[in-house]
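K.L.:
Have a look at this one.
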Amino acid sequence: QVQLVESGGDMVKPGGSLRLSCAASGFTFRDYAMYWYRQAPGKKRELVASITVGYFPDYSDSVKGRFTISRDNAKSAVYLQMNSLKSEDTAAYYCNAKYLGGLVNYWGQGTQVTVSS
């Protein structure tokens, strides 16, 4: 059974930091590119960060320089370190795994991040 389980979401003040984790199981993690998406209320889901099977990261312009994606194939996990958080980062954050450019596609259930003073 395939599972992606996110954790680490919380409420934090502007300027604060959070580290999201996504634990994967049920598939060969090292063969999948991993992604973090987010969706704020009333908005479309947007790509935040990605990391290839070769550990190459990429980021949306809105988080570049503040967020860091990483993966640990030994633990079948992907992480998102979020620093200098802003109110506009408030959203549900979702972990996504893709194989062969999306031919196979798995999603987690999401974890809520709220940035508020």
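Labels used: A, B, ... for chains in the order of the structure tokens, numbers from 1 for residues in each chain, and numbers from 1 for ligands as shown.
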When you look at Lys86 of chain A with a cut-off of 7 Å (counting only C-alpha atoms), what residues show up, excluding the ones that are within fewer than 5 positions of it in the same chain? I need them as JSON, numbers by chain.

P.N.:
{"A": [14, 15, 115]}

K.L.:
How would you write, as an MDAnalysis selection string, the set of residues in chain A that DSSP gives as strand (DSSP E)?

P.N.:
chainID A and resid 3:7 11:12 18:25 33:39 46:51 57:59 67:72 77:82 91:99 104:107 111:115

K.L.:
Could you check which of A:Arg38, A:Lys13, A:Arg30, A:Arg66 is closest to Tyr93 of chain A, using only C-alpha atoms?

P.N.:
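That would be A:Arg38, the residue with the smallest distance to Tyr93 of chain A.
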
K.L.:
Using only C-alpha atoms, pick whichever of A:Thr114, A:Ser21, A:Gln39, A:Thr28 has the shortest atom-to-atom distance to Val2 of chain A.

P.N.:
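Nearest to Val2 of chain A: A:Thr28.
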
K.L.:
Within 8 Å of Gln81 of chain A, counting only C-alpha atoms, which residues show up once you throw out same-chain ones fewer than 6 positions away? Write them as an MDAnalysis selection string, please.

P.N.:
chainID A and resid 17:20 67:69

K.L.:
If we count only C-alpha atoms, what is near Asp31 of chain A at a cut-off of 7 Å, once residues fewer than 2 positions away on the same chain are taken out, given as a PDB file with C-alpha atoms, in the first residue's frame?

P.N.:
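Result file is part_23.pdb:
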ATOM      1  CA  THR A  28      10.677   2.355  -4.591  1.00  0.00           C
ATOM      2  CA  PHE A  29      11.330   5.828  -3.241  1.00  0.00           C
ATOM      3  CA  ALA A  33      11.162  12.621  -8.138  1.00  0.00           C
ATOM      4  CA  VAL A  53      16.238  11.274  -8.214  1.00  0.00           C
ATOM      5  CA  TYR A  99       7.666   8.412 -11.655  1.00  0.00           C
TER       6      TYR A  99
END
